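The file work_15.csv contains CSV, C-alpha atoms:
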chain,number,residue,atom,x,y,z
O,1,MET,CA,-42.7,-33.1,-14.7
O,2,THR,CA,-43.7,-33.0,-18.3
O,3,THR,CA,-42.1,-30.9,-21.1
O,4,ILE,CA,-45.1,-28.5,-20.9
O,5,ASP,CA,-44.6,-28.1,-17.2
O,6,TYR,CA,-40.9,-27.3,-17.7
O,7,THR,CA,-41.7,-24.8,-20.4
O,8,ARG,CA,-44.4,-23.1,-18.2
O,9,ALA,CA,-41.9,-23.0,-15.3
O,10,ASP,CA,-39.2,-21.5,-17.5
O,11,ARG,CA,-41.6,-18.8,-18.8
O,12,LYS,CA,-42.6,-18.0,-15.2
O,13,ARG,CA,-38.9,-17.6,-14.2
O,14,LYS,CA,-38.2,-15.4,-17.2
O,15,LYS,CA,-41.2,-13.2,-16.4
O,16,LYS,CA,-40.2,-12.9,-12.8
O,17,ALA,CA,-36.6,-12.1,-13.7
O,18,THR,CA,-37.7,-9.4,-16.2
O,19,VAL,CA,-40.1,-7.8,-13.7
O,20,THR,CA,-37.4,-7.8,-11.1
O,21,LEU,CA,-34.8,-6.2,-13.4
O,22,LEU,CA,-37.3,-3.5,-14.4
O,23,ILE,CA,-38.0,-2.7,-10.8
O,24,PHE,CA,-34.3,-2.3,-10.0
O,25,SER,CA,-33.9,-0.2,-13.2
O,26,ALA,CA,-36.7,2.1,-12.0
O,27,LEU,CA,-35.1,2.4,-8.5
O,28,ILE,CA,-31.8,3.4,-10.1
O,29,PHE,CA,-33.6,6.0,-12.2
O,30,LEU,CA,-35.3,7.4,-9.1
O,31,THR,CA,-32.1,7.4,-7.0
O,32,PHE,CA,-30.4,9.1,-10.0
O,33,ILE,CA,-32.9,12.0,-9.9
O,34,ILE,CA,-32.6,12.3,-6.1
O,35,SER,CA,-28.8,12.3,-6.3
O,36,MET,CA,-28.7,15.1,-8.8
O,37,ASN,CA,-30.3,17.3,-6.3
O,38,THR,CA,-28.3,16.1,-3.3
O,39,GLY,CA,-25.5,18.3,-2.1
O,40,PHE,CA,-24.6,21.5,-0.1
O,41,ILE,CA,-26.1,23.6,-3.0
O,42,ARG,CA,-29.6,22.4,-3.8
O,43,LEU,CA,-31.3,22.7,-7.2
O,44,SER,CA,-35.1,22.9,-7.3
O,45,PRO,CA,-36.9,20.5,-9.7
O,46,SER,CA,-37.5,23.4,-12.1
O,47,GLU,CA,-33.9,24.5,-11.9
O,48,LEU,CA,-32.8,20.9,-12.5
O,49,ILE,CA,-34.9,20.5,-15.6
O,50,GLN,CA,-33.8,23.9,-17.0
O,51,THR,CA,-30.2,23.0,-16.4
O,52,LEU,CA,-30.5,19.6,-18.1
O,53,PHE,CA,-32.0,21.3,-21.2
O,54,GLY,CA,-29.2,23.9,-21.3
O,55,ASN,CA,-31.1,26.8,-19.7
O,56,GLY,CA,-29.3,26.9,-16.4
O,57,THR,CA,-26.9,29.5,-15.0
O,58,ALA,CA,-23.1,29.0,-15.2
O,59,GLN,CA,-23.0,27.9,-11.6
O,60,GLN,CA,-25.9,25.4,-12.1
O,61,ASP,CA,-24.2,24.0,-15.2
O,62,LEU,CA,-20.9,23.6,-13.2
O,63,ILE,CA,-22.6,21.8,-10.3
O,64,LEU,CA,-24.7,19.4,-12.4
O,65,PHE,CA,-22.5,18.6,-15.4
O,66,GLU,CA,-19.0,18.9,-13.9
O,67,PHE,CA,-19.5,17.5,-10.4
O,68,ARG,CA,-22.7,15.6,-9.8
O,69,LEU,CA,-23.4,13.8,-13.1
O,70,PRO,CA,-19.9,12.3,-13.4
O,71,ARG,CA,-20.0,11.2,-9.8
O,72,ILE,CA,-23.4,9.6,-10.2
O,73,ILE,CA,-22.3,7.7,-13.3
O,74,ILE,CA,-19.1,6.6,-11.7
O,75,SER,CA,-21.0,5.3,-8.6
O,76,ILE,CA,-23.3,3.2,-10.9
O,77,LEU,CA,-20.3,1.8,-12.9
O,78,VAL,CA,-18.3,1.0,-9.8
O,79,GLY,CA,-21.2,-0.7,-8.0
O,80,ALA,CA,-22.2,-2.7,-11.1
O,81,SER,CA,-18.6,-3.8,-11.8
O,82,LEU,CA,-17.9,-4.9,-8.2
O,83,ALA,CA,-21.2,-6.7,-8.1
O,84,VAL,CA,-20.6,-8.6,-11.4
O,85,SER,CA,-17.1,-9.4,-10.3
O,86,GLY,CA,-18.4,-10.9,-7.0
O,87,CYS,CA,-21.1,-12.8,-9.0
O,88,VAL,CA,-18.5,-14.4,-11.3
O,89,MET,CA,-16.2,-15.3,-8.4
O,90,GLN,CA,-19.0,-17.0,-6.5
O,91,GLY,CA,-20.0,-18.8,-9.7
O,92,PHE,CA,-16.7,-20.4,-10.7
O,93,SER,CA,-15.5,-21.0,-7.2
O,94,ARG,CA,-18.8,-22.3,-5.8
O,95,ASN,CA,-18.1,-20.2,-2.7
O,96,ALA,CA,-21.0,-18.2,-1.4
O,97,LEU,CA,-18.7,-15.8,0.5
O,98,ALA,CA,-16.5,-15.0,-2.5
O,99,ASP,CA,-16.1,-11.2,-3.0
O,100,PRO,CA,-13.2,-9.2,-4.6
O,101,GLY,CA,-12.8,-7.3,-1.3
O,102,ILE,CA,-12.8,-10.3,1.0
O,103,LEU,CA,-10.6,-12.4,-1.3
O,104,GLY,CA,-7.9,-9.6,-1.4
O,105,ILE,CA,-8.4,-8.6,-5.0
O,106,ASN,CA,-9.3,-5.1,-4.1
O,107,ALA,CA,-6.3,-4.9,-1.8
O,108,GLY,CA,-3.9,-5.9,-4.6
O,109,ALA,CA,-5.4,-3.3,-6.9
O,110,GLY,CA,-5.2,-0.7,-4.1
O,111,LEU,CA,-1.5,-1.4,-3.4
O,112,ALA,CA,-0.7,-0.8,-7.1
O,113,VAL,CA,-2.7,2.5,-7.1
O,114,VAL,CA,-1.1,3.7,-3.8
O,115,LEU,CA,2.4,3.0,-5.1
O,116,TYR,CA,1.5,5.0,-8.3
O,117,ILE,CA,0.1,7.9,-6.3
O,118,ALA,CA,3.1,8.0,-4.0
O,119,PHE,CA,5.5,8.7,-6.9
O,120,VAL,CA,3.4,10.2,-9.8
O,121,PRO,CA,0.9,13.1,-9.6
O,122,ILE,CA,-2.5,12.0,-11.0
O,123,GLU,CA,-3.4,15.3,-12.5
O,124,THR,CA,-2.9,14.7,-16.2
O,125,THR,CA,-5.4,12.7,-18.4
O,126,SER,CA,-2.7,10.2,-19.3
O,127,SER,CA,-2.0,9.4,-15.7
O,128,VAL,CA,-5.8,9.0,-15.0
O,129,MET,CA,-6.1,6.6,-17.9
O,130,LEU,CA,-3.2,4.5,-16.6
O,131,LEU,CA,-4.8,4.0,-13.2
O,132,PRO,CA,-7.2,1.2,-14.1
O,133,LEU,CA,-4.4,-0.7,-16.0
O,134,LEU,CA,-2.0,-0.5,-13.0
O,135,ALA,CA,-4.8,-1.6,-10.7
O,136,TRP,CA,-5.5,-4.6,-13.0
O,137,VAL,CA,-1.8,-5.6,-12.9
O,138,GLY,CA,-1.8,-5.3,-9.1
O,139,ALA,CA,-5.1,-7.2,-8.7
O,140,GLY,CA,-4.0,-9.8,-11.3
O,141,VAL,CA,-0.7,-10.6,-9.5
O,142,THR,CA,-2.7,-10.9,-6.2
O,143,ALA,CA,-5.3,-13.1,-7.8
O,144,THR,CA,-2.7,-15.4,-9.4
O,145,VAL,CA,-0.9,-15.9,-6.0
O,146,ILE,CA,-4.3,-16.6,-4.3
O,147,TYR,CA,-5.3,-19.0,-7.0
O,148,MET,CA,-2.0,-20.9,-6.9
O,149,LEU,CA,-2.0,-21.2,-3.1
O,150,ALA,CA,-5.7,-22.2,-3.0
O,151,PHE,CA,-5.5,-24.8,-5.8
O,152,LYS,CA,-4.5,-28.3,-4.9
O,153,LYS,CA,-3.8,-30.9,-7.5
O,154,GLY,CA,-6.3,-33.7,-7.4
O,155,ASP,CA,-8.6,-31.7,-5.2
O,156,GLY,CA,-9.1,-28.7,-7.4
O,157,LEU,CA,-10.1,-25.3,-6.1
O,158,SER,CA,-11.5,-25.6,-2.6
O,159,PRO,CA,-14.0,-22.9,-1.6
O,160,THR,CA,-12.8,-22.9,2.0
O,161,ARG,CA,-9.1,-22.8,1.1
O,162,LEU,CA,-9.8,-20.0,-1.4
O,163,LEU,CA,-11.5,-17.8,1.2
O,164,LEU,CA,-8.9,-18.3,3.9
O,165,THR,CA,-6.0,-17.7,1.4
O,166,GLY,CA,-7.7,-14.5,0.2
O,167,ILE,CA,-8.2,-13.2,3.7
O,168,ALA,CA,-4.5,-13.9,4.6
O,169,ILE,CA,-3.2,-12.3,1.5
O,170,ALA,CA,-5.5,-9.2,2.0
O,171,ALA,CA,-4.1,-8.9,5.5
O,172,ALA,CA,-0.5,-9.0,4.3
O,173,ILE,CA,-1.2,-6.4,1.6
O,174,SER,CA,-3.0,-4.1,4.1
O,175,ALA,CA,0.0,-4.3,6.4
O,176,ALA,CA,2.3,-3.3,3.4
O,177,MET,CA,0.0,-0.4,2.6
O,178,ILE,CA,0.1,0.9,6.2
O,179,VAL,CA,4.0,1.0,6.0
O,180,LEU,CA,3.8,2.7,2.6
O,181,VAL,CA,1.3,5.3,3.8
O,182,LEU,CA,3.5,6.3,6.7
O,183,LYS,CA,6.1,7.5,4.2
O,184,LEU,CA,3.8,9.7,2.2
O,185,SER,CA,3.6,13.5,2.5
O,186,PRO,CA,0.6,15.0,4.5
O,187,GLU,CA,-1.3,15.8,1.3
O,188,GLN,CA,-0.7,12.3,-0.1
O,189,TYR,CA,-1.6,10.7,3.2
O,190,ASN,CA,-5.0,12.6,3.4
O,191,PHE,CA,-5.8,11.5,-0.1
O,192,VAL,CA,-4.9,7.9,0.5
O,193,ALA,CA,-6.8,7.8,3.8
O,194,LYS,CA,-9.9,9.1,2.0
O,195,TRP,CA,-9.4,6.7,-0.9
O,196,MET,CA,-9.0,3.7,1.4
O,197,ALA,CA,-12.3,4.5,3.1
O,198,GLY,CA,-14.0,4.0,-0.2
O,199,SER,CA,-14.7,7.5,-1.4
O,200,ILE,CA,-15.9,8.3,-5.0
O,201,TRP,CA,-13.1,10.7,-5.4
O,202,GLY,CA,-12.6,10.6,-9.2
O,203,SER,CA,-15.7,12.7,-9.9
O,204,ASN,CA,-15.1,14.1,-13.3
O,205,TRP,CA,-15.5,13.0,-16.9
O,206,LYS,CA,-11.9,11.8,-17.5
O,207,TYR,CA,-12.4,9.2,-14.7
O,208,VAL,CA,-15.6,8.0,-16.4
O,209,VAL,CA,-13.7,7.6,-19.6
O,210,SER,CA,-10.9,5.7,-17.9
O,211,VAL,CA,-13.2,3.0,-16.4
O,212,LEU,CA,-15.9,2.8,-19.0
O,213,PRO,CA,-14.0,0.6,-21.5
O,214,PHE,CA,-13.4,-2.1,-18.9
O,215,PHE,CA,-17.1,-2.2,-18.2
O,216,LEU,CA,-18.2,-2.2,-21.8
O,217,ILE,CA,-15.8,-5.0,-22.8
O,218,LEU,CA,-15.8,-7.2,-19.8
O,219,LEU,CA,-19.6,-7.2,-18.9
O,220,PRO,CA,-20.6,-8.5,-22.4
O,221,TYR,CA,-17.9,-11.1,-22.1
O,222,VAL,CA,-19.1,-12.3,-18.7
O,223,MET,CA,-22.7,-12.4,-20.1
O,224,TYR,CA,-21.5,-14.5,-23.0
O,225,LYS,CA,-20.0,-16.9,-20.4
O,226,ALA,CA,-23.2,-17.1,-18.4
O,227,LYS,CA,-24.0,-20.7,-19.4
O,228,VAL,CA,-20.5,-21.8,-18.6
O,229,LEU,CA,-20.9,-20.3,-15.1
O,230,ASN,CA,-24.1,-22.3,-14.7
O,231,VAL,CA,-22.3,-25.5,-15.5
O,232,LEU,CA,-19.2,-24.6,-13.3
O,233,ASN,CA,-21.6,-24.0,-10.4
O,234,MET,CA,-22.6,-27.6,-10.6
O,235,GLY,CA,-19.2,-28.8,-9.6
O,236,ASP,CA,-16.0,-30.1,-11.4
O,237,PRO,CA,-17.2,-33.7,-12.2
O,238,ILE,CA,-20.3,-32.5,-14.0
O,239,SER,CA,-18.4,-29.8,-15.8
O,240,PHE,CA,-15.8,-32.2,-17.0
O,241,GLY,CA,-18.5,-34.6,-18.1
O,242,LEU,CA,-20.2,-31.9,-20.2
O,243,GLY,CA,-16.9,-31.2,-22.0
O,244,ILE,CA,-16.0,-27.9,-20.2
O,245,ASN,CA,-12.3,-27.1,-19.9
O,246,VAL,CA,-12.7,-26.2,-16.2
O,247,GLU,CA,-9.3,-24.7,-15.4
O,248,ARG,CA,-9.2,-22.7,-18.7
O,249,GLU,CA,-12.6,-21.3,-18.1
O,250,ARG,CA,-11.9,-20.4,-14.5
O,251,ARG,CA,-8.7,-18.5,-15.5
O,252,LEU,CA,-10.6,-16.5,-18.1
O,253,LEU,CA,-13.5,-15.7,-15.8
O,254,LEU,CA,-11.1,-14.8,-13.0
O,255,ALA,CA,-9.2,-12.4,-15.3
O,256,ALA,CA,-12.6,-10.8,-16.3
O,257,ALA,CA,-13.7,-10.5,-12.6
O,258,VAL,CA,-10.3,-9.1,-11.6
O,259,GLY,CA,-10.5,-6.5,-14.5
O,260,LEU,CA,-13.9,-5.3,-13.4
O,261,ALA,CA,-13.0,-5.1,-9.7
O,262,ALA,CA,-9.6,-3.4,-10.3
O,263,SER,CA,-10.9,-0.8,-12.7
O,264,SER,CA,-13.5,0.1,-10.0
O,265,VAL,CA,-11.0,0.2,-7.2
O,266,SER,CA,-8.7,2.6,-9.1
O,267,ILE,CA,-11.3,5.4,-9.0
O,268,SER,CA,-13.3,4.6,-5.9
O,269,GLY,CA,-11.0,3.0,-3.4
O,270,GLY,CA,-11.8,0.2,-1.0
O,271,ILE,CA,-15.6,-0.2,-1.3
O,272,GLY,CA,-16.2,-3.7,0.1
O,273,PHE,CA,-19.1,-6.1,0.3
O,274,VAL,CA,-20.9,-4.9,-2.9
O,275,GLY,CA,-19.8,-8.1,-4.7
O,276,LEU,CA,-21.1,-10.1,-1.8
O,277,ILE,CA,-24.5,-8.5,-1.1
O,278,ALA,CA,-25.7,-7.9,-4.7
O,279,PRO,CA,-25.4,-11.4,-6.1
O,280,HIS,CA,-27.0,-12.9,-2.9
O,281,LEU,CA,-29.9,-10.6,-3.0
O,282,VAL,CA,-30.6,-11.2,-6.7
O,283,ARG,CA,-30.1,-15.0,-6.3
O,284,ARG,CA,-32.8,-15.0,-3.7
O,285,LEU,CA,-35.2,-13.1,-5.9
O,286,ILE,CA,-34.7,-14.7,-9.3
O,287,GLY,CA,-32.7,-17.8,-8.8
O,288,PRO,CA,-29.2,-18.9,-9.7
O,289,GLN,CA,-29.2,-18.8,-13.5
O,290,HIS,CA,-26.4,-16.4,-14.5
O,291,GLN,CA,-28.1,-15.0,-17.6
O,292,PHE,CA,-30.4,-13.3,-15.2
O,293,LEU,CA,-28.2,-13.2,-12.1
O,294,ILE,CA,-25.4,-11.1,-13.8
O,295,PRO,CA,-27.5,-8.2,-15.1
O,296,GLY,CA,-29.5,-8.3,-11.8
O,297,ALA,CA,-26.3,-8.1,-9.7
O,298,ALA,CA,-25.1,-5.2,-11.9
O,299,LEU,CA,-28.3,-3.3,-11.3
O,300,VAL,CA,-28.3,-4.0,-7.5
O,301,GLY,CA,-24.6,-3.1,-7.2
O,302,GLY,CA,-25.0,0.1,-9.1
O,303,LEU,CA,-28.1,1.0,-7.0
O,304,LEU,CA,-26.3,0.1,-3.7
O,305,VAL,CA,-23.2,2.3,-4.3
O,306,LEU,CA,-25.3,5.2,-5.8
O,307,MET,CA,-27.6,5.1,-2.7
O,308,ALA,CA,-24.6,4.9,-0.4
O,309,ASP,CA,-22.8,7.9,-2.0
O,310,THR,CA,-26.1,9.9,-2.0
O,311,LEU,CA,-26.7,9.2,1.7
O,312,GLY,CA,-23.0,10.0,2.5
O,313,ARG,CA,-23.4,13.4,0.8
O,314,TRP,CA,-26.7,14.2,2.5
O,315,ILE,CA,-26.3,13.0,6.2
O,316,ILE,CA,-23.7,15.5,7.4
O,317,GLN,CA,-23.7,18.3,4.9
O,318,PRO,CA,-21.5,20.1,4.0
O,319,SER,CA,-19.1,17.3,4.9
O,320,GLU,CA,-19.6,13.8,3.6
O,321,ILE,CA,-19.3,10.2,4.6
O,322,PRO,CA,-17.4,8.0,2.1
O,323,ALA,CA,-19.6,5.5,0.3
O,324,GLY,CA,-17.4,2.6,1.4
O,325,ILE,CA,-18.3,3.3,5.1
O,326,VAL,CA,-22.0,3.4,4.3
O,327,VAL,CA,-21.8,0.1,2.4
O,328,ALA,CA,-19.7,-1.5,5.1
O,329,CYS,CA,-22.4,-0.6,7.7
O,330,ILE,CA,-24.7,-2.9,5.7
O,331,GLY,CA,-22.2,-5.4,4.4
O,332,ALA,CA,-20.3,-6.4,7.5
O,333,PRO,CA,-23.4,-7.7,9.4
O,334,TYR,CA,-24.6,-9.4,6.3
O,335,PHE,CA,-21.2,-11.1,5.9
O,336,LEU,CA,-21.3,-12.4,9.5
O,337,TYR,CA,-24.8,-13.6,8.8
O,338,LEU,CA,-23.7,-15.6,5.7
O,339,LEU,CA,-20.7,-16.9,7.6
O,340,ALA,CA,-22.9,-18.2,10.4
O,341,LYS,CA,-25.2,-19.9,7.9
O,342,SER,CA,-22.5,-21.4,5.7
O,343,LYS,CA,-21.3,-25.0,6.4

Here is the file; what I need is its structure written in the form of structure tokens.
Amino acid sequence: MTTIDYTRADRKRKKKATVTLLIFSALIFLTFIISMNTGFIRLSPSELIQTLFGNGTAQQDLILFEFRLPRIIISILVGASLAVSGCVMQGFSRNALADPGILGINAGAGLAVVLYIAFVPIETTSSVMLLPLLAWVGAGVTATVIYMLAFKKGDGLSPTRLLLTGIAIAAAISAAMIVLVLKLSPEQYNFVAKWMAGSIWGSNWKYVVSVLPFFLILLPYVMYKAKVLNVLNMGDPISFGLGINVERERRLLLAAAVGLAASSVSISGGIGFVGLIAPHLVRRLIGPQHQFLIPGAALVGGLLVLMADTLGRWIIQPSEIPAGIVVACIGAPYFLYLLAKSK
């Protein structure tokens, strides 16, 4: 293939990626509008517009600005963070089944959050701001243990060993959480049970503020490392040959992926499979280049969790189905499908 052909193919890929990203952005905007009017108390389109422009009643202002908008934004941030985390893990580990939930990262973050909830009331702003940091510590310790057990000198990081180690660690943490939950008060138990199901429970602006810094710092960093991920995805020999410090880059990328996943888990609970589904879908549509794959995964992840939360609030009103259960209904069969296809 000539240089002209390569250039033409590259332009075609960029155009396809741009169109795909715009389509997913439009879908998020559409779901955003629908979600603002989804709930036990409905707002007509005219009431919604009046409220957005400051002409609504006190009740309409409370419903839209204090309950629905924070929840919608949190859903998008959580979905995007989990999707990018899974995308990064799949990239540096070369494991198509890598996902912060499957590998036990979410479980480690969850254990730290449940321990905190068991002993400290999470009513003050300072305690809410501390949740993502504690989740990052719990997820970081878990990720370190998994990495050390999966890494073998002379063989590197085996994708199969990483997956099996993560599943085993996640099972052990889940058992520890069950023992811990049995010692909670009835109020704490109800909260933790709802949290473990993957409910967007932190639906006010202080939770948005607590998780937003992680997203705004770590997402640009991961985008900056997109070309490094492209090289790591080719395998260790090629990466070494191109001058990449493989283990250093893996550790830095793992820390970023853990931070994104942990901050999300701290306010949404155990929403699994987002980091698995979103990167795979985008990879099929626009290819494996991470400079397009990462923003695409962020958009698809945000769309997936927002749709799941909106459906969960609509199906059995006035009650609701946690977003994690809705996502799991899609993700579990897809995981089995990928597992059957993988070698």

Surrounding residues of O:Ala96 excluding itself and chain neighbours under 5 positions, 10 Å, only C-alpha atoms, as a PyMOL selection string: chain O and resi 86-87+89-91+159+163+276+279-280+338-339+342

Computed interatomic separation between atom CA of O:Gly235 and atom CA of O:Thr18 (Å):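 Taking atom CA of O:Gly235 and atom CA of O:Thr18, their separation equals 27.6 Å.
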
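With only C-alpha atoms as the basis for measurement, O:Ile49 is the residue among O:Ala109, O:Leu21, O:Ile169, O:Ile49 that approaches O:Asp61 most closely.
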
Could you give me, as a PDB file with C-alpha atoms, keeping the file's coordinate frame, the residues within 8 Å of O:Pro132, counting only C-alpha atoms and dropping anything in the same chain fewer than 3 positions from it?
ATOM      1  CA  VAL O 128      -5.800   9.000 -15.000  1.00  0.00           C
ATOM      2  CA  MET O 129      -6.100   6.600 -17.900  1.00  0.00           C
ATOM      3  CA  ALA O 135      -4.800  -1.600 -10.700  1.00  0.00           C
ATOM      4  CA  TRP O 136      -5.500  -4.600 -13.000  1.00  0.00           C
ATOM      5  CA  SER O 210     -10.900   5.700 -17.900  1.00  0.00           C
ATOM      6  CA  VAL O 211     -13.200   3.000 -16.400  1.00  0.00           C
ATOM      7  CA  ALA O 262      -9.600  -3.400 -10.300  1.00  0.00           C
ATOM      8  CA  SER O 263     -10.900  -0.800 -12.700  1.00  0.00           C
ATOM      9  CA  SER O 264     -13.500   0.100 -10.000  1.00  0.00           C
ATOM     10  CA  VAL O 265     -11.000   0.200  -7.200  1.00  0.00           C
ATOM     11  CA  SER O 266      -8.700   2.600  -9.100  1.00  0.00           C
ATOM     12  CA  ILE O 267     -11.300   5.400  -9.000  1.00  0.00           C
TER      13      ILE O 267
END

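Relative to atom CA of O:Ile34, atom CA of O:Ile286 is found at 27.3 Å.
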
Where atoms are missing, can you supply N, CA and C atoms for stretch 274-294 of chain O and output the lot as a JSON list (two decimals), in the coordinates of the input?
[["chain", "number", "residue", "atom", "x", "y", "z"],
["O", 274, "VAL", "N", -19.91, -5.08, -1.78],
["O", 274, "VAL", "CA", -20.90, -4.90, -2.90],
["O", 274, "VAL", "C", -20.97, -6.25, -3.66],
["O", 275, "GLY", "N", -19.80, -6.84, -3.94],
["O", 275, "GLY", "CA", -19.80, -8.10, -4.70],
["O", 275, "GLY", "C", -20.32, -9.27, -3.89],
["O", 276, "LEU", "N", -20.53, -9.09, -2.61],
["O", 276, "LEU", "CA", -21.10, -10.10, -1.80],
["O", 276, "LEU", "C", -22.62, -9.96, -1.66],
["O", 277, "ILE", "N", -23.06, -8.74, -1.39],
["O", 277, "ILE", "CA", -24.50, -8.50, -1.10],
["O", 277, "ILE", "C", -25.32, -8.62, -2.39],
["O", 278, "ALA", "N", -24.89, -7.95, -3.47],
["O", 278, "ALA", "CA", -25.70, -7.90, -4.70],
["O", 278, "ALA", "C", -26.07, -9.24, -5.27],
["O", 279, "PRO", "N", -25.08, -10.13, -5.52],
["O", 279, "PRO", "CA", -25.40, -11.40, -6.10],
["O", 279, "PRO", "C", -26.35, -12.25, -5.19],
["O", 280, "HIS", "N", -26.14, -12.17, -3.86],
["O", 280, "HIS", "CA", -27.00, -12.90, -2.90],
["O", 280, "HIS", "C", -28.42, -12.45, -2.96],
["O", 281, "LEU", "N", -28.59, -11.14, -2.99],
["O", 281, "LEU", "CA", -29.90, -10.60, -3.00],
["O", 281, "LEU", "C", -30.67, -11.00, -4.30],
["O", 282, "VAL", "N", -29.99, -10.86, -5.44],
["O", 282, "VAL", "CA", -30.60, -11.20, -6.70],
["O", 282, "VAL", "C", -30.88, -12.70, -6.82],
["O", 283, "ARG", "N", -29.96, -13.51, -6.29],
["O", 283, "ARG", "CA", -30.10, -15.00, -6.30],
["O", 283, "ARG", "C", -31.38, -15.39, -5.55],
["O", 284, "ARG", "N", -31.64, -14.71, -4.45],
["O", 284, "ARG", "CA", -32.80, -15.00, -3.70],
["O", 284, "ARG", "C", -34.12, -14.64, -4.41],
["O", 285, "LEU", "N", -34.03, -13.59, -5.23],
["O", 285, "LEU", "CA", -35.20, -13.10, -5.90],
["O", 285, "LEU", "C", -35.53, -13.82, -7.22],
["O", 286, "ILE", "N", -34.49, -14.11, -8.01],
["O", 286, "ILE", "CA", -34.70, -14.70, -9.30],
["O", 286, "ILE", "C", -34.01, -15.97, -9.62],
["O", 287, "GLY", "N", -33.31, -16.51, -8.64],
["O", 287, "GLY", "CA", -32.70, -17.80, -8.80],
["O", 287, "GLY", "C", -31.23, -17.73, -9.29],
["O", 288, "PRO", "N", -30.59, -18.90, -9.49],
["O", 288, "PRO", "CA", -29.20, -18.90, -9.70],
["O", 288, "PRO", "C", -28.70, -18.90, -11.17],
["O", 289, "GLN", "N", -29.62, -18.78, -12.13],
["O", 289, "GLN", "CA", -29.20, -18.80, -13.50],
["O", 289, "GLN", "C", -28.49, -17.48, -13.86],
["O", 290, "HIS", "N", -27.25, -17.61, -14.35],
["O", 290, "HIS", "CA", -26.40, -16.40, -14.50],
["O", 290, "HIS", "C", -26.82, -15.49, -15.62],
["O", 291, "GLN", "N", -27.59, -15.96, -16.59],
["O", 291, "GLN", "CA", -28.10, -15.00, -17.60],
["O", 291, "GLN", "C", -29.01, -13.99, -17.06],
["O", 292, "PHE", "N", -29.63, -14.28, -15.91],
["O", 292, "PHE", "CA", -30.40, -13.30, -15.20],
["O", 292, "PHE", "C", -29.69, -12.73, -13.99],
["O", 293, "LEU", "N", -28.88, -13.57, -13.36],
["O", 293, "LEU", "CA", -28.20, -13.20, -12.10],
["O", 293, "LEU", "C", -27.16, -12.08, -12.40],
["O", 294, "ILE", "N", -26.44, -12.15, -13.51],
["O", 294, "ILE", "CA", -25.40, -11.10, -13.80],
["O", 294, "ILE", "C", -25.98, -9.76, -14.02]]
